[in-house]
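Colleague: Handing over input-v4.cif, mmCIF, C-alpha atoms and all ligand atoms.
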```cif
data_final
loop_
_atom_site.label_atom_id
_atom_site.label_comp_id
_atom_site.auth_asym_id
_atom_site.auth_seq_id
_atom_site.Cartn_x
_atom_site.Cartn_y
_atom_site.Cartn_z
CA MET J 378 0.00 0.00 0.00
CA ALA J 379 2.97 2.29 0.63
CA ALA J 380 4.22 1.44 -2.87
CA GLU J 381 0.80 2.29 -4.27
CA ALA J 382 0.84 5.70 -2.57
CA LEU J 383 4.33 6.29 -3.97
CA VAL J 384 3.63 5.30 -7.58
CA SER J 385 0.42 7.32 -7.60
CA ARG J 386 2.56 10.37 -6.79
CA GLY J 387 5.03 9.67 -9.57
CA ALA J 388 7.78 8.00 -7.50
CA ARG J 389 9.51 4.86 -8.76
CA PRO J 390 9.87 2.62 -5.70
CA HIS J 391 11.79 -0.63 -5.39
CA LEU J 392 10.27 -3.32 -3.16
CA PHE J 393 12.61 -5.85 -1.54
CA ASP J 394 11.45 -9.01 0.22
CA ALA J 395 13.49 -11.75 1.88
CA MET J 396 11.21 -14.49 0.61
CA PRO J 397 11.24 -16.11 -2.86
CA SER J 398 7.79 -14.58 -3.56
CA LEU J 399 5.79 -11.60 -2.28
CA GLY J 400 2.90 -11.45 0.18
CA ARG J 401 3.18 -14.88 1.75
CA LYS J 402 1.35 -13.95 4.94
CA PHE J 403 -1.30 -12.14 2.90
CA LEU J 404 -1.77 -15.34 0.89
CA MET J 405 -1.95 -17.37 4.11
CA ALA J 406 -4.69 -15.02 5.33
CA GLY J 407 -6.48 -16.03 2.13
CA LYS J 408 -6.65 -19.62 3.34
CA SER J 409 -9.23 -18.52 5.90
CA GLY J 410 -11.08 -16.35 3.35
CA LEU J 411 -9.06 -13.08 3.51
CA ASN J 412 -11.07 -10.99 5.92
CA LEU J 413 -10.12 -7.58 4.50
CA THR J 414 -12.00 -5.30 6.86
CA HIS J 415 -15.18 -4.98 8.93
CA SER J 416 -18.55 -3.35 8.30
CA GLU J 417 -19.41 -2.41 11.89
CA ASP J 418 -20.23 1.18 12.72
CA TYR J 419 -17.08 3.22 12.10
CA ALA J 420 -17.26 4.79 15.59
CA ALA J 421 -16.92 1.26 17.04
CA PHE J 422 -14.41 0.14 14.41
CA VAL J 423 -11.83 2.74 15.45
CA THR J 424 -11.92 1.53 19.08
CA ARG J 425 -10.59 -1.96 18.27
CA PHE J 426 -6.90 -1.07 18.49
CA GLY J 427 -6.59 -0.74 22.28
CA GLU J 428 -3.91 1.63 23.47
CA ALA J 429 -3.08 2.54 19.85
CA ASN J 430 -6.62 3.80 19.01
CA ALA J 431 -5.60 7.46 19.10
CA ALA J 432 -2.28 6.95 17.30
CA LEU J 433 -3.91 5.00 14.46
CA ARG J 434 -7.03 7.14 14.08
CA PRO J 435 -5.71 9.60 11.45
CA ALA J 436 -4.42 6.72 9.32
CA LEU J 437 -7.75 4.86 9.61
CA ASP J 438 -9.64 8.04 8.69
CA GLY J 439 -7.48 8.21 5.58
CA LEU J 440 -8.37 4.67 4.49
CA THR J 441 -11.69 3.57 5.95
CA PRO J 442 -13.33 0.15 5.56
CA ASP J 443 -15.48 1.65 2.76
CA ASP J 444 -12.34 2.90 1.02
CA ILE J 445 -10.86 -0.61 1.24
CA ARG J 446 -13.94 -2.09 -0.44
CA ARG J 447 -13.70 0.47 -3.22
CA TRP J 448 -9.97 -0.16 -3.56
CA ALA J 449 -10.57 -3.93 -3.93
CA GLU J 450 -13.29 -3.26 -6.49
CA GLY J 451 -10.79 -1.10 -8.39
CA LEU J 452 -8.72 -4.28 -8.69
CA ASP J 453 -11.75 -6.20 -10.03
CA ILE J 454 -12.28 -7.94 -6.70
CA GLU J 455 -15.88 -7.91 -5.56
CA THR J 456 -16.42 -8.00 -1.79
CA PHE J 457 -19.32 -9.02 0.41
CA THR J 458 -20.25 -8.71 4.07
CA GLY J 459 -20.59 -11.96 6.01
CA SER J 460 -23.21 -12.49 8.72
CA SER J 461 -20.71 -11.43 11.39
CA GLY J 462 -20.10 -8.11 9.63
CA ARG J 463 -16.69 -9.20 8.33
CA ILE J 464 -15.86 -8.20 4.77
CA PHE J 465 -14.28 -10.71 2.37
CA PRO J 466 -13.57 -10.97 -1.35
CA THR J 467 -16.56 -12.79 -2.86
CA ASP J 468 -14.32 -15.69 -3.89
CA PHE J 469 -12.63 -15.83 -0.42
CA LYS J 470 -9.23 -15.78 -2.09
CA ALA J 471 -6.12 -13.64 -1.66
CA ALA J 472 -4.19 -14.76 -4.75
CA PRO J 473 -6.29 -12.98 -7.44
CA LEU J 474 -6.24 -9.73 -5.44
CA LEU J 475 -2.47 -9.89 -4.91
CA ARG J 476 -1.91 -10.79 -8.56
CA HIS J 477 -4.03 -7.89 -9.89
CA TRP J 478 -2.47 -5.50 -7.38
CA LEU J 479 1.14 -6.36 -8.24
CA LYS J 480 0.36 -6.19 -11.95
CA ARG J 481 -1.03 -2.68 -11.57
CA LEU J 482 1.83 -1.56 -9.31
CA ARG J 483 4.46 -2.87 -11.71
CA ALA J 484 2.71 -1.22 -14.66
CA ASN J 485 2.82 2.05 -12.72
CA GLY J 486 6.53 1.92 -11.94
CA LEU J 487 7.18 -0.51 -9.06
CA THR J 488 10.27 -2.74 -9.33
CA THR J 489 10.27 -5.82 -7.12
CA HIS J 490 13.23 -7.83 -5.82
CA VAL J 491 12.66 -11.11 -4.00
CA ARG J 492 15.23 -13.17 -2.06
CA HIS J 493 16.68 -9.91 -0.74
CA ARG J 494 16.99 -10.18 3.04
CA TRP J 495 17.55 -6.73 4.53
CA GLN J 496 20.41 -6.76 7.04
CA GLY J 497 20.55 -3.17 8.24
CA TRP J 498 22.68 -0.33 6.92
CA THR J 499 26.26 -0.02 5.65
CA ASP J 500 28.49 2.63 7.24
CA ASP J 501 27.60 5.07 4.46
CA GLY J 502 23.86 4.64 4.97
CA ALA J 503 23.01 2.19 2.15
CA LEU J 504 20.56 -0.64 2.71
CA LYS J 505 22.38 -3.95 2.99
CA PHE J 506 20.79 -7.14 1.60
CA GLU J 507 21.76 -10.77 1.77
CA THR J 508 21.04 -12.43 -1.58
CA ARG J 509 21.97 -15.70 -3.27
CA GLU J 510 24.74 -13.80 -5.04
CA GLY J 511 26.15 -12.47 -1.76
CA GLU J 512 25.74 -9.04 -0.17
CA VAL J 513 24.06 -6.36 -2.28
CA THR J 514 23.62 -2.71 -1.30
CA PHE J 515 21.09 -0.14 -2.43
CA LYS J 516 21.04 3.54 -1.56
CA PRO J 517 17.50 4.88 -1.86
CA ASP J 518 16.37 8.50 -1.47
CA ALA J 519 13.99 7.35 1.27
CA THR J 520 12.94 4.03 2.82
CA VAL J 521 9.65 2.53 3.98
CA LEU J 522 10.08 -0.46 6.28
CA ALA J 523 7.07 -2.80 6.32
CA LEU J 524 8.70 -5.89 7.75
CA GLY J 525 5.75 -7.31 9.67
CA GLY J 526 5.49 -8.60 13.23
CA ALA J 527 6.81 -11.82 14.72
CA SER J 528 4.11 -14.46 14.21
CA TRP J 529 4.39 -17.25 11.63
CA PRO J 530 8.10 -16.44 10.93
CA GLN J 531 8.24 -19.12 8.22
CA LEU J 532 6.20 -16.71 6.06
CA GLY J 533 8.99 -14.11 6.23
CA SER J 534 8.27 -11.78 9.14
CA ASP J 535 10.85 -13.03 11.63
CA ALA J 536 11.43 -9.72 13.47
CA ALA J 537 15.22 -9.99 12.97
CA TRP J 538 15.11 -6.25 12.15
CA THR J 539 14.55 -5.33 15.80
CA ASP J 540 18.30 -5.54 16.50
CA TRP J 541 19.28 -3.12 13.73
CA LEU J 542 16.66 -0.56 14.66
CA ALA J 543 17.29 -0.89 18.41
CA ALA J 544 21.00 -0.27 17.69
CA ARG J 545 19.92 3.06 16.14
CA GLY J 546 18.06 4.01 19.32
CA VAL J 547 14.57 3.13 18.09
CA GLU J 548 12.30 2.15 20.99
CA ILE J 549 10.72 -1.25 20.38
CA ALA J 550 8.20 -2.94 22.69
CA PRO J 551 8.92 -6.68 23.02
CA PHE J 552 6.82 -8.81 20.68
CA GLN J 553 4.12 -10.97 22.26
CA PRO J 554 1.56 -13.35 20.77
CA ALA J 555 -1.80 -11.78 19.87
CA ASN J 556 -4.90 -13.58 18.61
CA CYS J 557 -3.31 -16.71 20.02
CA GLY J 558 -4.32 -20.02 21.56
CA PHE J 559 -3.55 -21.01 25.16
CA ASP J 560 -2.23 -24.02 27.03
CA VAL J 561 -4.59 -25.94 29.32
CA ASN J 562 -3.45 -28.77 31.59
CA TRP J 563 -5.89 -31.25 30.06
CA THR J 564 -6.18 -34.72 31.47
CA PRO J 565 -5.60 -37.45 28.85
CA PHE J 566 -9.41 -37.85 28.74
CA ILE J 567 -9.61 -34.57 26.80
CA SER J 568 -6.20 -34.38 25.10
CA GLU J 569 -6.41 -37.91 23.68
CA ARG J 570 -10.11 -38.16 22.88
CA PHE J 571 -11.07 -34.67 21.74
CA PRO J 572 -8.22 -32.97 19.82
CA GLY J 573 -9.76 -30.87 17.04
CA ALA J 574 -13.22 -30.93 18.62
CA PRO J 575 -15.13 -27.68 17.99
CA VAL J 576 -16.94 -26.16 20.97
CA LYS J 577 -19.69 -24.23 19.24
CA SER J 578 -22.02 -21.52 20.37
CA VAL J 579 -20.74 -20.74 23.83
CA THR J 580 -20.31 -17.46 25.65
CA LEU J 581 -16.75 -16.84 26.80
CA SER J 582 -16.21 -14.32 29.60
CA PHE J 583 -13.13 -12.82 31.14
CA GLU J 584 -12.61 -9.74 33.30
CA GLY J 585 -16.04 -8.31 32.60
CA GLU J 586 -15.96 -8.87 28.84
CA SER J 587 -18.26 -11.49 27.30
CA HIS J 588 -18.25 -12.77 23.78
CA ARG J 589 -20.47 -15.28 22.00
CA GLY J 590 -18.37 -17.53 19.80
CA GLU J 591 -16.69 -20.86 19.35
CA PHE J 592 -13.30 -22.44 19.85
CA VAL J 593 -11.43 -25.66 19.22
CA VAL J 594 -9.86 -28.07 21.71
CA THR J 595 -6.27 -29.04 20.88
CA THR J 596 -3.98 -31.61 22.46
CA LYS J 597 -2.28 -28.80 24.39
CA GLY J 598 -5.13 -26.39 25.02
CA VAL J 599 -7.60 -24.21 23.16
CA GLU J 600 -7.58 -21.99 20.06
CA GLY J 601 -10.02 -20.36 17.65
CA SER J 602 -11.88 -17.10 17.14
CA GLY J 603 -13.78 -17.08 20.45
CA ILE J 604 -10.49 -17.41 22.33
CA TYR J 605 -8.63 -14.90 20.12
CA HIS J 606 -11.25 -12.29 20.90
CA LEU J 607 -10.25 -12.29 24.59
CA SER J 608 -6.62 -13.24 24.05
CA ALA J 609 -5.00 -9.87 24.82
CA ALA J 610 -6.65 -9.69 28.27
CA LEU J 611 -5.98 -13.39 28.93
CA ARG J 612 -2.30 -13.06 27.91
CA ASP J 613 -1.79 -10.01 30.12
CA ALA J 614 -3.52 -11.72 33.08
CA ILE J 615 -1.31 -14.81 32.74
CA ALA J 616 1.80 -12.58 32.65
CA ARG J 617 0.57 -10.90 35.83
CA ASP J 618 -0.95 -13.80 37.80
CA GLY J 619 0.62 -16.95 36.30
CA GLN J 620 -2.73 -18.22 35.00
CA ALA J 621 -6.17 -17.01 33.92
CA THR J 622 -9.59 -18.54 34.39
CA LEU J 623 -11.95 -18.16 31.47
CA MET J 624 -15.67 -18.64 32.20
CA LEU J 625 -17.73 -20.57 29.67
CA ASP J 626 -21.49 -20.55 29.38
CA LEU J 627 -22.18 -23.84 27.59
CA THR J 628 -25.87 -23.07 27.03
CA PRO J 629 -26.07 -19.36 26.22
CA ASP J 630 -29.62 -19.72 24.84
CA ARG J 631 -30.92 -21.45 27.97
CA SER J 632 -31.27 -19.43 31.18
CA LEU J 633 -30.10 -20.71 34.56
CA ASP J 634 -33.74 -21.04 35.66
CA ARG J 635 -34.62 -23.10 32.61
CA LEU J 636 -31.58 -25.32 33.19
CA ARG J 637 -32.60 -25.83 36.82
CA GLY J 638 -36.02 -26.93 35.58
CA ASN J 639 -34.46 -29.23 32.97
CA LEU J 640 -32.13 -30.86 35.48
CA SER J 641 -34.86 -31.37 38.09
CA ARG J 642 -36.74 -33.75 35.79
CA PRO J 643 -36.93 -37.28 37.14
CA ARG J 644 -34.16 -39.56 35.90
CA ASP J 645 -35.07 -42.84 34.33
CA LYS J 646 -32.69 -45.80 34.28
CA SER J 647 -30.49 -44.32 31.53
CA SER J 648 -26.91 -43.26 32.24
CA PHE J 649 -26.18 -39.78 33.55
CA ALA J 650 -24.64 -38.86 30.19
CA ASN J 651 -27.91 -39.80 28.46
CA PHE J 652 -29.98 -37.91 31.01
CA LEU J 653 -27.81 -34.80 30.55
CA ARG J 654 -28.11 -35.00 26.77
CA LYS J 655 -31.89 -35.47 26.89
CA VAL J 656 -32.65 -32.67 29.32
CA THR J 657 -29.97 -30.08 28.42
CA GLY J 658 -28.74 -31.05 24.95
CA LEU J 659 -25.17 -31.25 26.27
CA GLU J 660 -23.11 -34.07 24.83
CA GLY J 661 -19.73 -34.83 23.25
CA ILE J 662 -17.03 -32.26 23.97
CA LYS J 663 -19.36 -30.00 25.98
CA ALA J 664 -20.30 -32.83 28.35
CA ALA J 665 -16.62 -33.83 28.50
CA LEU J 666 -15.62 -30.28 29.47
CA LEU J 667 -18.09 -30.41 32.36
CA ARG J 668 -16.41 -33.59 33.62
CA GLU J 669 -12.99 -32.05 33.10
CA CYS J 670 -13.55 -28.69 34.76
CA LEU J 671 -16.03 -29.36 37.57
CA PRO J 672 -15.33 -31.32 40.78
CA LYS J 673 -16.92 -34.77 40.85
CA GLU J 674 -19.32 -33.82 43.69
CA THR J 675 -20.95 -31.21 41.44
CA PHE J 676 -22.75 -33.98 39.58
CA ASP J 677 -24.56 -35.03 42.81
CA ASN J 678 -26.24 -31.66 43.12
CA MET J 679 -28.32 -30.38 40.21
CA GLU J 680 -28.22 -26.78 41.46
CA THR J 681 -24.40 -26.61 41.41
CA LEU J 682 -24.35 -28.48 38.10
CA ALA J 683 -26.72 -25.92 36.55
CA GLN J 684 -24.46 -23.15 37.82
CA GLY J 685 -21.39 -24.96 36.46
CA ILE J 686 -22.95 -25.26 33.00
CA LYS J 687 -23.61 -21.51 32.95
CA ALA J 688 -20.16 -20.57 34.36
CA LEU J 689 -17.66 -23.30 33.67
CA PRO J 690 -14.16 -22.30 34.83
CA LEU J 691 -11.44 -23.18 32.32
CA THR J 692 -7.93 -22.43 33.57
CA LEU J 693 -5.40 -21.30 30.96
CA THR J 694 -1.74 -21.60 31.95
CA ALA J 695 0.22 -19.95 29.11
CA PRO J 696 -0.26 -18.36 25.69
CA ARG J 697 0.83 -20.59 22.83
CA PRO J 698 4.17 -19.54 21.28
CA ILE J 699 4.23 -16.43 19.08
CA GLU J 700 5.19 -18.61 16.10
CA GLU J 701 1.64 -20.03 16.17
CA ALA J 702 -0.21 -16.76 16.81
CA ILE J 703 -2.27 -15.04 14.10
CA SER J 704 -0.57 -11.73 14.87
CA SER J 705 1.74 -10.08 17.34
CA ALA J 706 1.57 -7.27 19.86
CA GLY J 707 4.62 -5.07 20.39
CA GLY J 708 6.96 -3.51 17.87
CA ILE J 709 8.15 0.02 17.10
CA SER J 710 6.80 2.39 19.71
CA PHE J 711 4.60 5.27 18.52
CA GLU J 712 6.97 7.51 20.54
CA ALA J 713 9.72 6.55 18.10
CA ILE J 714 7.86 7.86 15.03
CA ASP J 715 6.29 11.18 14.10
CA GLU J 716 2.74 11.63 12.79
CA THR J 717 3.91 10.69 9.29
CA PHE J 718 5.32 7.38 10.62
CA MET J 719 8.90 8.56 10.05
CA LEU J 720 11.42 7.34 12.61
CA ARG J 721 12.47 10.31 14.71
CA ASN J 722 16.03 8.98 14.94
CA LEU J 723 16.30 8.14 11.24
CA PRO J 724 15.01 10.92 8.96
CA GLY J 725 13.84 9.52 5.63
CA VAL J 726 13.00 6.09 7.09
CA PHE J 727 9.25 5.42 7.47
CA CYS J 728 7.47 2.41 9.02
CA ALA J 729 4.11 0.73 8.50
CA GLY J 730 2.09 -2.35 9.29
CA GLU J 731 2.37 -4.95 12.01
CA MET J 732 5.92 -3.90 12.88
CA LEU J 733 4.39 -0.95 14.77
CA ASP J 734 3.27 -1.36 18.39
CA TRP J 735 -0.49 -1.97 18.09
CA GLU J 736 -2.73 -5.00 18.25
CA ALA J 737 -6.31 -5.73 17.29
CA PRO J 738 -8.66 -8.71 17.26
CA THR J 739 -9.33 -10.74 14.14
CA GLY J 740 -12.17 -9.39 11.99
CA GLY J 741 -10.25 -7.57 9.27
CA TYR J 742 -8.84 -4.99 11.69
CA LEU J 743 -5.27 -6.24 11.19
CA LEU J 744 -5.16 -5.87 7.42
CA THR J 745 -7.06 -2.58 7.59
CA ALA J 746 -4.50 -1.04 9.95
CA CYS J 747 -1.64 -2.42 7.83
CA PHE J 748 -3.15 -0.92 4.66
CA ALA J 749 -3.93 2.39 6.36
CA THR J 750 -0.47 2.84 7.92
CA GLY J 751 1.14 1.80 4.63
CA LYS J 752 -0.81 4.50 2.83
CA VAL J 753 0.28 7.18 5.32
CA ALA J 754 3.91 6.06 5.18
CA GLY J 755 3.90 5.99 1.35
CA GLU J 756 2.25 9.42 1.04
CA ALA J 757 4.59 10.92 3.62
CA THR J 758 7.61 9.42 1.87
CA ALA J 759 6.53 10.96 -1.44
CA LYS J 760 6.10 14.33 0.26
CA TRP J 761 9.45 14.03 2.01
CA LEU J 762 11.13 13.25 -1.31
CA GLU J 763 9.62 16.39 -2.85
CA GLY J 764 11.23 18.42 -0.08
CA GLN J 765 14.71 16.96 -0.68
C1 LIG J 801 -2.87 -17.63 9.39
C2 LIG J 801 -3.13 -16.15 9.36
C3 LIG J 801 -4.36 -15.66 8.92
C4 LIG J 801 -4.62 -14.28 8.93
N1 LIG J 801 -5.84 -13.84 8.48
C5 LIG J 801 -6.11 -12.51 8.49
C6 LIG J 801 -7.37 -12.01 8.01
O1 LIG J 801 -8.20 -12.77 7.47
N2 LIG J 801 -7.60 -10.68 8.13
C7 LIG J 801 -6.70 -9.81 8.67
O2 LIG J 801 -6.99 -8.61 8.78
N3 LIG J 801 -5.48 -10.24 9.07
C8 LIG J 801 -5.17 -11.57 9.00
N4 LIG J 801 -3.93 -12.01 9.40
C9 LIG J 801 -2.93 -11.01 9.84
C10 LIG J 801 -2.32 -10.28 8.63
O3 LIG J 801 -1.99 -11.23 7.62
C11 LIG J 801 -1.08 -9.51 9.06
O4 LIG J 801 -1.43 -8.62 10.12
C12 LIG J 801 -0.51 -8.70 7.90
O5 LIG J 801 -0.12 -9.56 6.84
C13 LIG J 801 0.71 -7.89 8.33
O6 LIG J 801 1.12 -7.16 7.22
P1 LIG J 801 2.56 -6.50 7.16
O7 LIG J 801 2.73 -5.99 5.76
O8 LIG J 801 2.75 -5.58 8.29
O9 LIG J 801 3.57 -7.71 7.40
P2 LIG J 801 3.73 -9.10 6.62
O10 LIG J 801 2.50 -9.44 5.86
O11 LIG J 801 4.24 -10.04 7.64
O12 LIG J 801 4.85 -8.76 5.56
C14 LIG J 801 6.15 -8.43 5.96
C15 LIG J 801 7.08 -8.77 4.82
O13 LIG J 801 8.39 -8.34 5.18
C16 LIG J 801 9.30 -9.32 4.78
N5 LIG J 801 10.51 -9.23 5.62
C17 LIG J 801 10.60 -9.35 6.97
N6 LIG J 801 11.86 -9.17 7.37
C18 LIG J 801 12.60 -8.93 6.24
C19 LIG J 801 13.96 -8.64 6.01
N7 LIG J 801 14.86 -8.58 7.00
N8 LIG J 801 14.34 -8.42 4.73
C20 LIG J 801 13.46 -8.45 3.71
N9 LIG J 801 12.16 -8.73 3.88
C21 LIG J 801 11.72 -8.95 5.13
C22 LIG J 801 8.59 -10.63 4.92
O14 LIG J 801 9.15 -11.62 4.09
C23 LIG J 801 7.17 -10.26 4.56
O15 LIG J 801 6.87 -10.53 3.21
C24 LIG J 801 -3.63 -13.37 9.38
C25 LIG J 801 -2.39 -13.85 9.79
C26 LIG J 801 -2.13 -15.23 9.78
C27 LIG J 801 -0.78 -15.72 10.24
#
```
Please, can you express the file's structure as structure tokens?
Modeller:
Amino acid sequence: MAAEALVSRGARPHLFDAMPSLGRKFLMAGKSGLNLTHSEDYAAFVTRFGEANAALRPALDGLTPDDIRRWAEGLDIETFTGSSGRIFPTDFKAAPLLRHWLKRLRANGLTTHVRHRWQGWTDDGALKFETREGEVTFKPDATVLALGGASWPQLGSDAAWTDWLAARGVEIAPFQPANCGFDVNWTPFISERFPGAPVKSVTLSFEGESHRGEFVVTTKGVEGSGIYHLSAALRDAIARDGQATLMLDLTPDRSLDRLRGNLSRPRDKSSFANFLRKVTGLEGIKAALLRECLPKETFDNMETLAQGIKALPLTLTAPRPIEEAISSAGGISFEAIDETFMLRNLPGVFCAGEMLDWEAPTGGYLLTACFATGKVAGEATAKWLEGQ
């Protein structure tokens, strides 16, 4: 997006990437449908970036979710709004969009170089790249860094750049997993019998925030959109307290009173599991979670069981490693850049995307903020070049 802003102002940028092809994480996002942005009310949309809301606001105002839809349409990619308000390309694919975009950028003056791993600067200020032919240098008039965060490093964004920027006095908040799964000390009953089991339509609550969603049980813990939604608060609580207890309502459409009534029905000779299924609809992984998370005595008392179904405590012990997270928190501090995203310590070097210190839930907020900051950085770079 920075390159687009530059070419549209007549600049002739060169784009370098360490990987053998461009946009690998973007293409990976396409595997889950490429959620480009979100259709919720814009006043709510701009509050999804936590402590960075204010710092990102001007960039978001300059490239709103509506602008992103129009931009995609300009690349012959139709979009639609899913039932959750998330906006996707109609074909749920990233590859056609990336292909059309690169074609247009190249036609307008972008030169791309793959297998160029940036390694910092030479003593005379040139960019230093590791390539298959050995070290190559390039001295641009200005630089936009859009090197990504620290999740899924196999797709290229390995955060190795933090050393070179820190050495130049750039303040960088440590990277942490965001939109991540968590470890749970499952008994073998769960970890061996239910890996991959989806827990659908539950309400997940933590520290006063509740969210209706779903998640998946893994051999080591839990992951999935319902968990990601609360993951920043859960991660911070684990860092503070050593663990965090998530509350699950396994029957969000059935009130506690109704459950009490259901569970007070007389039991016939069938097993308890059958009784539970018949009167509450709970079976499979949901029934297994009750066994896993509630003390045995709970099942002797229908009142405490009803309460347990509505507020099942699930203790999370650690976030999954950043390598597995959808995105990362941390990165270049907003203190280190000016309002045009230029590094205060390095005039002529601009930054954009996930390498900046912000985080957001899934829902298209991540790509939107990457696009929006890229646009600001590209426009500011073009302006800066005019002044040179
Ligand atoms: C599985 C998955 C699904 C996702 N789905 C969505 C989604 O549907 N919607 C959404 O909004 N977000 C989604 N995201 C998040 C989104 O993809 C990222 O936030 C976004 O791609 C970050 O963009 P970026 O340009 O800042 O960094 P990246 O996309 O990570 O790009 C950074 C680039 O810099 C290159 N690079 C890094 N270091 C060097 C170096 N030293 N030298 C040269 N090149 C270097 C990398 O090779 C890479 O190509 C998903 C992420 C994952 C992992």
Colleague: At a cut-off of 7 Å around ligand LIG 801 (chain J), and using all atoms listed in the file, what residues come up? Please write them as a PyMOL selection string.
Modeller: chain J and resi 393-396+399-403+405-407+409-414+493-496+523-526+528-529+532-538+702-704+729-732+739-745+747
Colleague: List as a VMD selection string the protein and nucleic acid residues near region 544-553 of chain J, meaning an atom at most 10 Å away when all atoms listed in the file are counted, but skip any in the same chain fewer than 6 places from it.
Modeller: chain J and resid 497 526 to 528 536 609 612 to 613 696 698 to 700 702 704 to 714 720 to 723 732 to 736
Colleague: What does the file look like for those residues with C-alpha atoms, as a PDB file, in the coordinates of the input?
Modeller:
```pdb
ATOM      1  CA  GLY J 497      20.550  -3.170   8.240  1.00  0.00           C
ATOM      2  CA  GLY J 526       5.490  -8.600  13.230  1.00  0.00           C
ATOM      3  CA  ALA J 527       6.810 -11.820  14.720  1.00  0.00           C
ATOM      4  CA  SER J 528       4.110 -14.460  14.210  1.00  0.00           C
ATOM      5  CA  ALA J 536      11.430  -9.720  13.470  1.00  0.00           C
ATOM      6  CA  ALA J 609      -5.000  -9.870  24.820  1.00  0.00           C
ATOM      7  CA  ARG J 612      -2.300 -13.060  27.910  1.00  0.00           C
ATOM      8  CA  ASP J 613      -1.790 -10.010  30.120  1.00  0.00           C
ATOM      9  CA  PRO J 696      -0.260 -18.360  25.690  1.00  0.00           C
ATOM     10  CA  PRO J 698       4.170 -19.540  21.280  1.00  0.00           C
ATOM     11  CA  ILE J 699       4.230 -16.430  19.080  1.00  0.00           C
ATOM     12  CA  GLU J 700       5.190 -18.610  16.100  1.00  0.00           C
ATOM     13  CA  ALA J 702      -0.210 -16.760  16.810  1.00  0.00           C
ATOM     14  CA  SER J 704      -0.570 -11.730  14.870  1.00  0.00           C
ATOM     15  CA  SER J 705       1.740 -10.080  17.340  1.00  0.00           C
ATOM     16  CA  ALA J 706       1.570  -7.270  19.860  1.00  0.00           C
ATOM     17  CA  GLY J 707       4.620  -5.070  20.390  1.00  0.00           C
ATOM     18  CA  GLY J 708       6.960  -3.510  17.870  1.00  0.00           C
ATOM     19  CA  ILE J 709       8.150   0.020  17.100  1.00  0.00           C
ATOM     20  CA  SER J 710       6.800   2.390  19.710  1.00  0.00           C
ATOM     21  CA  PHE J 711       4.600   5.270  18.520  1.00  0.00           C
ATOM     22  CA  GLU J 712       6.970   7.510  20.540  1.00  0.00           C
ATOM     23  CA  ALA J 713       9.720   6.550  18.100  1.00  0.00           C
ATOM     24  CA  ILE J 714       7.860   7.860  15.030  1.00  0.00           C
ATOM     25  CA  LEU J 720      11.420   7.340  12.610  1.00  0.00           C
ATOM     26  CA  ARG J 721      12.470  10.310  14.710  1.00  0.00           C
ATOM     27  CA  ASN J 722      16.030   8.980  14.940  1.00  0.00           C
ATOM     28  CA  LEU J 723      16.300   8.140  11.240  1.00  0.00           C
ATOM     29  CA  MET J 732       5.920  -3.900  12.880  1.00  0.00           C
ATOM     30  CA  LEU J 733       4.390  -0.950  14.770  1.00  0.00           C
ATOM     31  CA  ASP J 734       3.270  -1.360  18.390  1.00  0.00           C
ATOM     32  CA  TRP J 735      -0.490  -1.970  18.090  1.00  0.00           C
ATOM     33  CA  GLU J 736      -2.730  -5.000  18.250  1.00  0.00           C
TER      34      GLU J 736
END
```
Colleague: Hey, what's within 9 Å of Leu689 (chain J) if we count all atoms listed in the file and toss same-chain stuff fewer than 4 positions away? As a list in words, please?
Modeller: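 Once the adjacent positions are removed, what remains is Leu623, Met624, Leu625, Asp626, Leu627, Leu666, Leu667, Cys670, Leu671, Gln684 and Gly685 of chain J.
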Colleague: Create the file for the chosen residues now, containing C-alpha atoms and written as a PDB file, in the frame of the given file.
Modeller:
```
ATOM      1  CA  LEU J 623     -11.950 -18.160  31.470  1.00  0.00           C
ATOM      2  CA  MET J 624     -15.670 -18.640  32.200  1.00  0.00           C
ATOM      3  CA  LEU J 625     -17.730 -20.570  29.670  1.00  0.00           C
ATOM      4  CA  ASP J 626     -21.490 -20.550  29.380  1.00  0.00           C
ATOM      5  CA  LEU J 627     -22.180 -23.840  27.590  1.00  0.00           C
ATOM      6  CA  LEU J 666     -15.620 -30.280  29.470  1.00  0.00           C
ATOM      7  CA  LEU J 667     -18.090 -30.410  32.360  1.00  0.00           C
ATOM      8  CA  CYS J 670     -13.550 -28.690  34.760  1.00  0.00           C
ATOM      9  CA  LEU J 671     -16.030 -29.360  37.570  1.00  0.00           C
ATOM     10  CA  GLN J 684     -24.460 -23.150  37.820  1.00  0.00           C
ATOM     11  CA  GLY J 685     -21.390 -24.960  36.460  1.00  0.00           C
TER      12      GLY J 685
END
```
Colleague: Determine, counting only C-alpha atoms, which protein, DNA and RNA residues have an atom within 6 Å of an atom of Gly590 (chain J); residues of the same chain fewer than 5 positions away are not included. Present the result as a PyMOL selection string.
Modeller: chain J and resi 578-579+603
Colleague: Work out how far CA of Gly638 (chain J) is from CA of Arg668 (chain J), in Å to one decimal.
Modeller: 20.8 Å
Colleague: Just the residues within 7 Å of region 749-764 of chain J, please, counting only C-alpha atoms, with nothing from its chain fewer than 4 positions along; format it as an NGL selection string.
Modeller: :J and (378-380 or 382-383 or 386 or 388 or 436-437 or 439-440 or 519 or 521 or 717-718 or 727-730 or 745)
